[in-house]
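Trainee: File name protein_27.pdb; file contents PDB, C-alpha atoms; full text below.
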```pdb
ATOM      1  CA  MET B  44      18.906-117.083 160.567
ATOM      2  CA  GLY B  45      17.622-113.664 159.619
ATOM      3  CA  THR B  46      15.722-112.412 156.595
ATOM      4  CA  VAL B  47      16.427-111.501 152.978
ATOM      5  CA  THR B  48      14.614-109.209 150.585
ATOM      6  CA  LEU B  49      13.602-110.961 147.381
ATOM      7  CA  GLY B  50      11.970-109.917 144.137
ATOM      8  CA  VAL B  51      10.796-111.856 141.092
ATOM      9  CA  SER B  52      10.844-110.246 137.681
ATOM     10  CA  ILE B  53      11.162-110.631 133.941
ATOM     11  CA  ALA B  54      14.455-109.155 132.774
ATOM     12  CA  VAL B  55      14.355-106.819 129.780
ATOM     13  CA  PRO B  56      17.000-108.300 127.420
ATOM     14  CA  GLU B  57      19.754-106.543 125.505
ATOM     15  CA  PRO B  58      20.005-104.173 123.829
ATOM     16  CA  TYR B  59      16.864-102.794 125.436
ATOM     17  CA  GLY B  60      17.767-103.377 129.079
ATOM     18  CA  SER B  61      20.985-101.375 129.106
ATOM     19  CA  PHE B  62      19.485 -98.612 126.954
ATOM     20  CA  LEU B  63      16.559 -98.061 129.351
ATOM     21  CA  GLN B  64      18.799 -98.359 132.415
ATOM     22  CA  GLU B  65      21.116 -95.672 131.030
ATOM     23  CA  ARG B  66      18.148 -93.459 130.198
ATOM     24  CA  ARG B  67      16.854 -93.918 133.760
ATOM     25  CA  ALA B  68      20.246 -92.875 135.121
ATOM     26  CA  GLY B  69      20.312 -89.938 132.702
ATOM     27  CA  PHE B  70      17.011 -88.665 134.085
ATOM     28  CA  GLY B  71      18.692 -88.470 137.495
ATOM     29  CA  ASP B  72      17.240 -91.576 139.152
ATOM     30  CA  PRO B  73      19.888 -92.571 141.747
ATOM     31  CA  ALA B  74      18.558 -96.144 141.920
ATOM     32  CA  ALA B  75      19.024 -96.790 138.198
ATOM     33  CA  HIS B  76      22.281 -98.750 138.306
ATOM     34  CA  GLY B  77      21.167-100.873 141.248
ATOM     35  CA  ILE B  78      18.027-102.122 139.531
ATOM     36  CA  PRO B  79      18.277-104.152 136.301
ATOM     37  CA  THR B  80      15.581-103.140 133.792
ATOM     38  CA  HIS B  81      12.628-105.431 134.408
ATOM     39  CA  VAL B  82       8.917-106.172 134.656
ATOM     40  CA  THR B  83       7.999-106.923 138.266
ATOM     41  CA  LEU B  84       6.176-110.161 139.109
ATOM     42  CA  LEU B  85       6.777-110.069 142.878
ATOM     43  CA  PRO B  86       7.724-106.699 144.436
ATOM     44  CA  PRO B  87      10.393-106.501 147.151
ATOM     45  CA  THR B  88       9.373-109.055 149.756
ATOM     46  CA  GLU B  89      11.136-109.890 153.017
ATOM     47  CA  VAL B  90      11.298-113.601 153.828
ATOM     48  CA  ASP B  91      13.114-115.730 156.381
ATOM     49  CA  VAL B  92      16.301-117.283 155.072
ATOM     50  CA  SER B  93      14.897-120.665 156.142
ATOM     51  CA  ALA B  94      12.049-120.197 153.635
ATOM     52  CA  LEU B  95      14.361-119.846 150.621
ATOM     53  CA  PRO B  96      14.241-123.531 149.571
ATOM     54  CA  ALA B  97      10.418-123.430 149.602
ATOM     55  CA  VAL B  98      10.425-120.192 147.580
ATOM     56  CA  GLU B  99      12.772-121.674 144.984
ATOM     57  CA  ASP B 100      10.729-124.877 144.697
ATOM     58  CA  HIS B 101       7.533-122.863 144.296
ATOM     59  CA  LEU B 102       9.022-120.670 141.558
ATOM     60  CA  ALA B 103      10.346-123.743 139.741
ATOM     61  CA  ARG B 104       6.838-125.247 139.718
ATOM     62  CA  VAL B 105       5.301-122.008 138.415
ATOM     63  CA  ALA B 106       7.935-121.774 135.672
ATOM     64  CA  ALA B 107       7.505-125.426 134.674
ATOM     65  CA  GLU B 108       3.845-124.699 133.916
ATOM     66  CA  GLY B 109       4.658-121.545 131.930
ATOM     67  CA  ARG B 110       5.049-121.195 128.178
ATOM     68  CA  PRO B 111       6.870-118.518 126.137
ATOM     69  CA  PHE B 112       4.824-115.473 125.133
ATOM     70  CA  PRO B 113       5.444-112.277 123.149
ATOM     71  CA  MET B 114       6.223-109.014 124.905
ATOM     72  CA  ARG B 115       5.974-105.600 123.271
ATOM     73  CA  LEU B 116       6.726-102.202 124.760
ATOM     74  CA  GLU B 117       5.420 -98.977 123.285
ATOM     75  CA  GLY B 118       5.284 -95.415 124.567
ATOM     76  CA  THR B 119       5.175 -94.093 128.119
ATOM     77  CA  GLY B 120       2.765 -93.847 131.010
ATOM     78  CA  THR B 121       2.801 -92.610 134.600
ATOM     79  CA  PHE B 122       1.277 -93.473 137.970
ATOM     80  CA  ARG B 123       1.419 -89.831 139.102
ATOM     81  CA  PRO B 124      -0.003 -88.382 141.286
ATOM     82  CA  LEU B 125      -0.718 -91.671 143.095
ATOM     83  CA  SER B 126       2.906 -92.815 142.831
ATOM     84  CA  PRO B 127       5.968 -90.915 141.490
ATOM     85  CA  VAL B 128       6.698 -93.286 138.598
ATOM     86  CA  VAL B 129       7.124 -92.910 134.822
ATOM     87  CA  PHE B 130       7.205 -96.136 132.851
ATOM     88  CA  VAL B 131       7.332 -97.660 129.392
ATOM     89  CA  ARG B 132       3.976 -99.271 128.609
ATOM     90  CA  ILE B 133       3.472-102.965 127.910
ATOM     91  CA  VAL B 134       1.071-103.254 124.969
ATOM     92  CA  GLU B 135       1.443-107.010 124.450
ATOM     93  CA  GLY B 136       2.127-109.598 127.145
ATOM     94  CA  ALA B 137       0.447-107.785 130.055
ATOM     95  CA  GLU B 138      -2.232-110.447 130.578
ATOM     96  CA  GLU B 139       0.385-113.192 130.719
ATOM     97  CA  CYS B 140       2.399-111.186 133.257
ATOM     98  CA  ALA B 141      -0.700-110.705 135.398
ATOM     99  CA  ALA B 142      -1.448-114.430 135.350
ATOM    100  CA  LEU B 143       2.163-115.255 136.258
ATOM    101  CA  GLN B 144       2.304-112.907 139.235
ATOM    102  CA  GLU B 145      -0.983-114.322 140.540
ATOM    103  CA  ARG B 146       0.477-117.831 140.517
ATOM    104  CA  ILE B 147       3.680-116.609 142.176
ATOM    105  CA  ARG B 148       1.708-114.825 144.929
ATOM    106  CA  ALA B 149      -0.734-117.718 145.437
ATOM    107  CA  GLU B 150      -2.190-117.664 148.956
ATOM    108  CA  SER B 151      -1.144-121.271 149.501
ATOM    109  CA  GLY B 152       2.494-120.597 148.557
ATOM    110  CA  PRO B 153       5.577-119.142 150.278
ATOM    111  CA  CYS B 154       5.363-115.861 148.288
ATOM    112  CA  ALA B 155       1.822-114.964 149.363
ATOM    113  CA  ARG B 156       1.431-111.240 149.996
ATOM    114  CA  GLU B 157      -0.893-108.323 149.407
ATOM    115  CA  LEU B 158       0.029-105.560 146.968
ATOM    116  CA  GLN B 159       0.029-101.873 147.849
ATOM    117  CA  PHE B 160      -1.581-101.070 144.482
ATOM    118  CA  PRO B 161      -3.466-103.218 141.932
ATOM    119  CA  TYR B 162      -1.019-105.063 139.690
ATOM    120  CA  HIS B 163      -0.142-103.151 136.517
ATOM    121  CA  PRO B 164       2.838-104.596 134.592
ATOM    122  CA  HIS B 165       5.257-101.952 133.310
ATOM    123  CA  VAL B 166       8.944-101.066 132.888
ATOM    124  CA  THR B 167       9.974 -98.244 135.219
ATOM    125  CA  VAL B 168      12.206 -95.533 133.705
ATOM    126  CA  ALA B 169      11.951 -92.912 136.470
ATOM    127  CA  HIS B 170      10.991 -93.155 140.131
ATOM    128  CA  GLY B 171      10.925 -90.582 142.895
ATOM    129  CA  ILE B 172      12.820 -87.838 141.087
ATOM    130  CA  ASP B 173      11.779 -84.204 140.594
ATOM    131  CA  GLU B 174       8.738 -83.429 138.475
ATOM    132  CA  GLU B 175      10.680 -81.752 135.675
ATOM    133  CA  ALA B 176      12.871 -84.845 135.235
ATOM    134  CA  MET B 177       9.788 -87.076 135.350
ATOM    135  CA  ASP B 178       8.202 -84.978 132.602
ATOM    136  CA  ARG B 179      11.387 -85.296 130.542
ATOM    137  CA  ALA B 180      11.399 -89.096 130.929
ATOM    138  CA  PHE B 181       7.763 -89.242 129.850
ATOM    139  CA  ALA B 182       8.402 -87.096 126.758
ATOM    140  CA  GLU B 183      11.763 -88.464 125.610
ATOM    141  CA  LEU B 184      10.678 -92.125 125.615
ATOM    142  CA  GLU B 185       7.217 -91.478 124.194
ATOM    143  CA  GLU B 186       8.229 -92.971 120.821
ATOM    144  CA  TYR B 187      10.158 -95.917 122.276
ATOM    145  CA  GLU B 188       9.306 -99.423 121.043
ATOM    146  CA  ALA B 189      10.781-102.868 121.692
ATOM    147  CA  ALA B 190       9.620-106.461 121.305
ATOM    148  CA  TRP B 191      10.929-109.914 122.208
ATOM    149  CA  THR B 192       9.766-113.325 123.430
ATOM    150  CA  ILE B 193       9.534-114.018 127.165
ATOM    151  CA  THR B 194      10.958-117.464 127.964
ATOM    152  CA  GLY B 195      11.073-117.309 131.762
ATOM    153  CA  PHE B 196      11.604-115.147 134.825
ATOM    154  CA  ALA B 197      14.199-114.750 137.568
ATOM    155  CA  LEU B 198      14.635-114.456 141.333
ATOM    156  CA  TYR B 199      16.643-111.496 142.624
ATOM    157  CA  GLU B 200      18.005-110.663 146.077
ATOM    158  CA  GLN B 201      18.641-107.145 147.337
ATOM    159  CA  GLY B 202      22.049-106.639 148.918
ATOM    160  CA  ALA B 203      22.854-104.482 151.927
ATOM    161  CA  ASP B 204      23.970-101.800 149.452
ATOM    162  CA  GLY B 205      20.492-101.736 147.900
ATOM    163  CA  VAL B 206      21.678-103.320 144.647
ATOM    164  CA  TRP B 207      19.595-106.171 143.235
ATOM    165  CA  GLN B 208      21.571-109.282 142.264
ATOM    166  CA  LEU B 209      20.397-112.185 140.123
ATOM    167  CA  ASP B 210      19.932-115.281 142.274
ATOM    168  CA  ARG B 211      18.443-117.832 139.894
ATOM    169  CA  GLU B 212      16.709-117.972 136.499
ATOM    170  CA  TYR B 213      13.563-120.005 135.888
ATOM    171  CA  PRO B 214      12.962-120.927 132.222
ATOM    172  CA  PHE B 215       9.416-121.835 131.245
ATOM    173  CA  GLY B 216       8.609-125.499 130.768
ATOM    174  CA  ALA B 217      12.078-126.528 131.914
ATOM    175  CA  ASP B 218      10.784-129.921 133.008
ATOM    176  CA  GLU B 219       9.834-130.717 129.418
ATOM    177  CA  GLN B 220      12.711-129.123 127.490
ATOM    178  CA  PRO B 221      16.168-130.695 127.720
ATOM    179  CA  GLY B 222      18.612-128.005 128.736
ATOM    180  CA  GLY B 223      15.809-125.573 129.582
ATOM    181  CA  ALA B 224      13.957-123.083 127.424
ATOM    182  CA  PRO B 225      15.527-121.455 124.351
ATOM    183  CA  PRO B 226      17.335-118.156 124.915
ATOM    184  CA  VAL B 227      15.562-114.831 124.722
ATOM    185  CA  VAL B 228      15.651-113.571 121.139
ATOM    186  CA  PRO B 229      15.141-109.806 120.697
ATOM    187  CA  ARG B 230      12.989-109.054 117.649
ATOM    188  CA  GLN B 231      12.980-105.334 117.015
ATOM    189  CA  VAL B 232      13.518-101.899 118.442
ATOM    190  CA  ASP B 233      12.720 -98.547 116.899
ATOM    191  CA  LEU B 234      15.208 -95.897 117.874
ATOM    192  CA  SER B 235      14.574 -93.716 114.835
ATOM    193  CA  ARG B 236      13.824 -90.919 117.298
ATOM    194  CA  PRO B 237      16.430 -91.499 120.028
ATOM    195  CA  ALA B 238      16.212 -89.670 123.301
ATOM    196  CA  ALA B 239      18.466 -86.669 123.814
ATOM    197  CA  PRO B 240      21.846 -87.622 125.316
ATOM    198  CA  SER B 241      22.176 -87.218 129.058
ATOM    199  CA  HIS B 242      24.843 -85.081 130.678
TER     200      HIS B 242
END
```
Turn the structure described in the file into structure tokens.

Mentor:
Amino acid sequence: MGTVTLGVSIAVPEPYGSFLQERRAGFGDPAAHGIPTHVTLLPPTEVDVSALPAVEDHLARVAAEGRPFPMRLEGTGTFRPLSPVVFVRIVEGAEECAALQERIRAESGPCARELQFPYHPHVTVAHGIDEEAMDRAFAELEEYEAAWTITGFALYEQGADGVWQLDREYPFGADEQPGGAPPVVPRQVDLSRPAAPSH
């Protein structure tokens, strides 16, 4: 039946998601428009197509046990020189993300896998581009802030063209809330010092 490449993440809602995706593209990251702005819970993972029902059931169980929590982004960080990544830092909600990804990657479940690096939740804004552009991403988003409430996560599948497509959303506590969890409600964003326009 073949394999598919899956990922599980928390989507960054509007208006923040599009803003950061456009900034990523503006820094020259060719992958920007193929990757929705997100916080990774399960990195790209190849699974057999036959395992998809088990993966979906597992994610539904993890989500049913989850509860909404606040997320706040502030400033920038980098994994250089270990990895060519510049990111927006998570200053609230990181512990909850870490707990979620541990449950998703549980050894007894269908998403069990080792990570290349220790888990560090973040929102990537530049990856694998030249150093000057990475420096610009780090500097121009240094004052960026955003906050909202996380109410679930989602499963994505990578297409043959490398673009990630939403497969299914998993609201927290959906087994207890008729109609699923309430929608994501953005709270604030400070763009008083917007990044320079890209060309």

Trainee: Measuring between only C-alpha atoms, which one of B:Glu186, B:Glu57, B:Glu89, B:Glu108 shows the shortest distance to Pro214 of chain B?

Mentor: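 Of B:Glu186, B:Glu57, B:Glu89, B:Glu108, the one nearest Pro214 of chain B, counting only C-alpha atoms, is B:Glu108.
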
Trainee: Run the PyMOL selection byres ((chain B and resi 199-212) around 9) on the file and write out the hits as a list in words.

Mentor: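 So the PyMOL selection byres ((chain B and resi 199-212) around 9), applied here, picks out Val47, Thr48, Leu49, Gly50, Val51, Ser52, Ala74, His76, Gly77, Ile78, Pro79, Pro87, Glu99, Gly195, Phe196, Ala197, Leu198, Tyr213 and Pro214 of chain B.
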
Trainee: Please report, as JSON, the centre and edge lengths in Å to one decimal of an axis-aligned box covering all listed atoms of segment 183-194 of chain B with 3 Å per side.

Mentor:
```
{"center_x": 9.5, "center_y": -103.0, "center_z": 124.4, "size_x": 10.5, "size_y": 35.0, "size_z": 13.1}
```

Trainee: Run the PyMOL selection byres ((chain B and resi 83) around 9) on the file and write out the hits as a list of chain:residue names.

Mentor: B:Gly50, B:Val51, B:Ser52, B:Ile53, B:Ala54, B:His81, B:Val82, B:Leu84, B:Leu85, B:Pro86, B:Cys140, B:Gln144, B:Pro164, B:His165, B:Val166

Trainee: Dump C-alpha atoms for the selected residues as a PDB file, in the coordinates of the input?

Mentor:
```
ATOM      1  CA  GLY B  50      11.970-109.917 144.137  1.00  0.00           C
ATOM      2  CA  VAL B  51      10.796-111.856 141.092  1.00  0.00           C
ATOM      3  CA  SER B  52      10.844-110.246 137.681  1.00  0.00           C
ATOM      4  CA  ILE B  53      11.162-110.631 133.941  1.00  0.00           C
ATOM      5  CA  ALA B  54      14.455-109.155 132.774  1.00  0.00           C
ATOM      6  CA  HIS B  81      12.628-105.431 134.408  1.00  0.00           C
ATOM      7  CA  VAL B  82       8.917-106.172 134.656  1.00  0.00           C
ATOM      8  CA  LEU B  84       6.176-110.161 139.109  1.00  0.00           C
ATOM      9  CA  LEU B  85       6.777-110.069 142.878  1.00  0.00           C
ATOM     10  CA  PRO B  86       7.724-106.699 144.436  1.00  0.00           C
ATOM     11  CA  CYS B 140       2.399-111.186 133.257  1.00  0.00           C
ATOM     12  CA  GLN B 144       2.304-112.907 139.235  1.00  0.00           C
ATOM     13  CA  PRO B 164       2.838-104.596 134.592  1.00  0.00           C
ATOM     14  CA  HIS B 165       5.257-101.952 133.310  1.00  0.00           C
ATOM     15  CA  VAL B 166       8.944-101.066 132.888  1.00  0.00           C
TER      16      VAL B 166
END
```

Trainee: Which residue is closest to Pro127 of chain B? Choose from B:Leu63, B:Ala180, B:Ala190, B:Ile172 and count all atoms listed in the file.

Mentor: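 Using all atoms listed in the file, the shortest distance to Pro127 of chain B belongs to B:Ile172.
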
Trainee: Expand the PyMOL selection byres ((chain B and resi 137) around 10) into the explicit residue set it covers here, and present it as a PyMOL selection string.

Mentor: chain B and resi 82+113-116+132-136+138-143+163-165

Trainee: Could you tell me how far atom CA of His170 of chain B lies from atom CA of Trp191 of chain B, in Å and to one decimal?

Mentor: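 Computed distance, atom CA of His170 of chain B to atom CA of Trp191 of chain B, equals 24.5 Å.
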
Trainee: Using all atoms listed in the file, which residue out of B:Ile193, B:Leu184, B:Leu95, B:Cys154 lies closest to Glu117 of chain B?

Mentor: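 Closest to Glu117 of chain B of all the choices is B:Leu184.
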
Trainee: Counting only C-alpha atoms, which of B:Val92, B:Arg67, B:Leu125, B:Ala189 gets nearest to Phe160 of chain B?

Mentor: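 When distances to Phe160 of chain B are compared using only C-alpha atoms, the smallest one comes from B:Leu125.
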
Trainee: Identify which of the residues B:Thr46, B:Thr119, B:Thr88, B:Ser93 lies closest to Ala169 of chain B, counting only C-alpha atoms when measuring atom-to-atom distances.

Mentor: B:Thr119

Trainee: Enter the distance from atom CA of Phe130 of chain B to atom CA of Arg146 of chain B, in Å, rounded to one decimal.

Mentor: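 Here the two named atoms are 24.0 Å from each other.
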
Trainee: My list of candidates is B:Ala75, B:Met177, B:Val128, B:Val98. Which is closest to Gly152 of chain B when distances are computed with all atoms listed in the file?

Mentor: B:Val98

Trainee: Counting all atoms listed in the file, write as a VMD selection string all protein and nucleic acid residues lying at most 12 Å from (14.1, -86.0, 132.9) in the file's frame.

Mentor: chain B and resid 66 to 72 128 to 129 168 to 184 238 to 242

Trainee: Using Å and a single decimal, report how far atom CA of Gly109 of chain B sits from atom CA of Phe215 of chain B.

Mentor: 4.8 Å
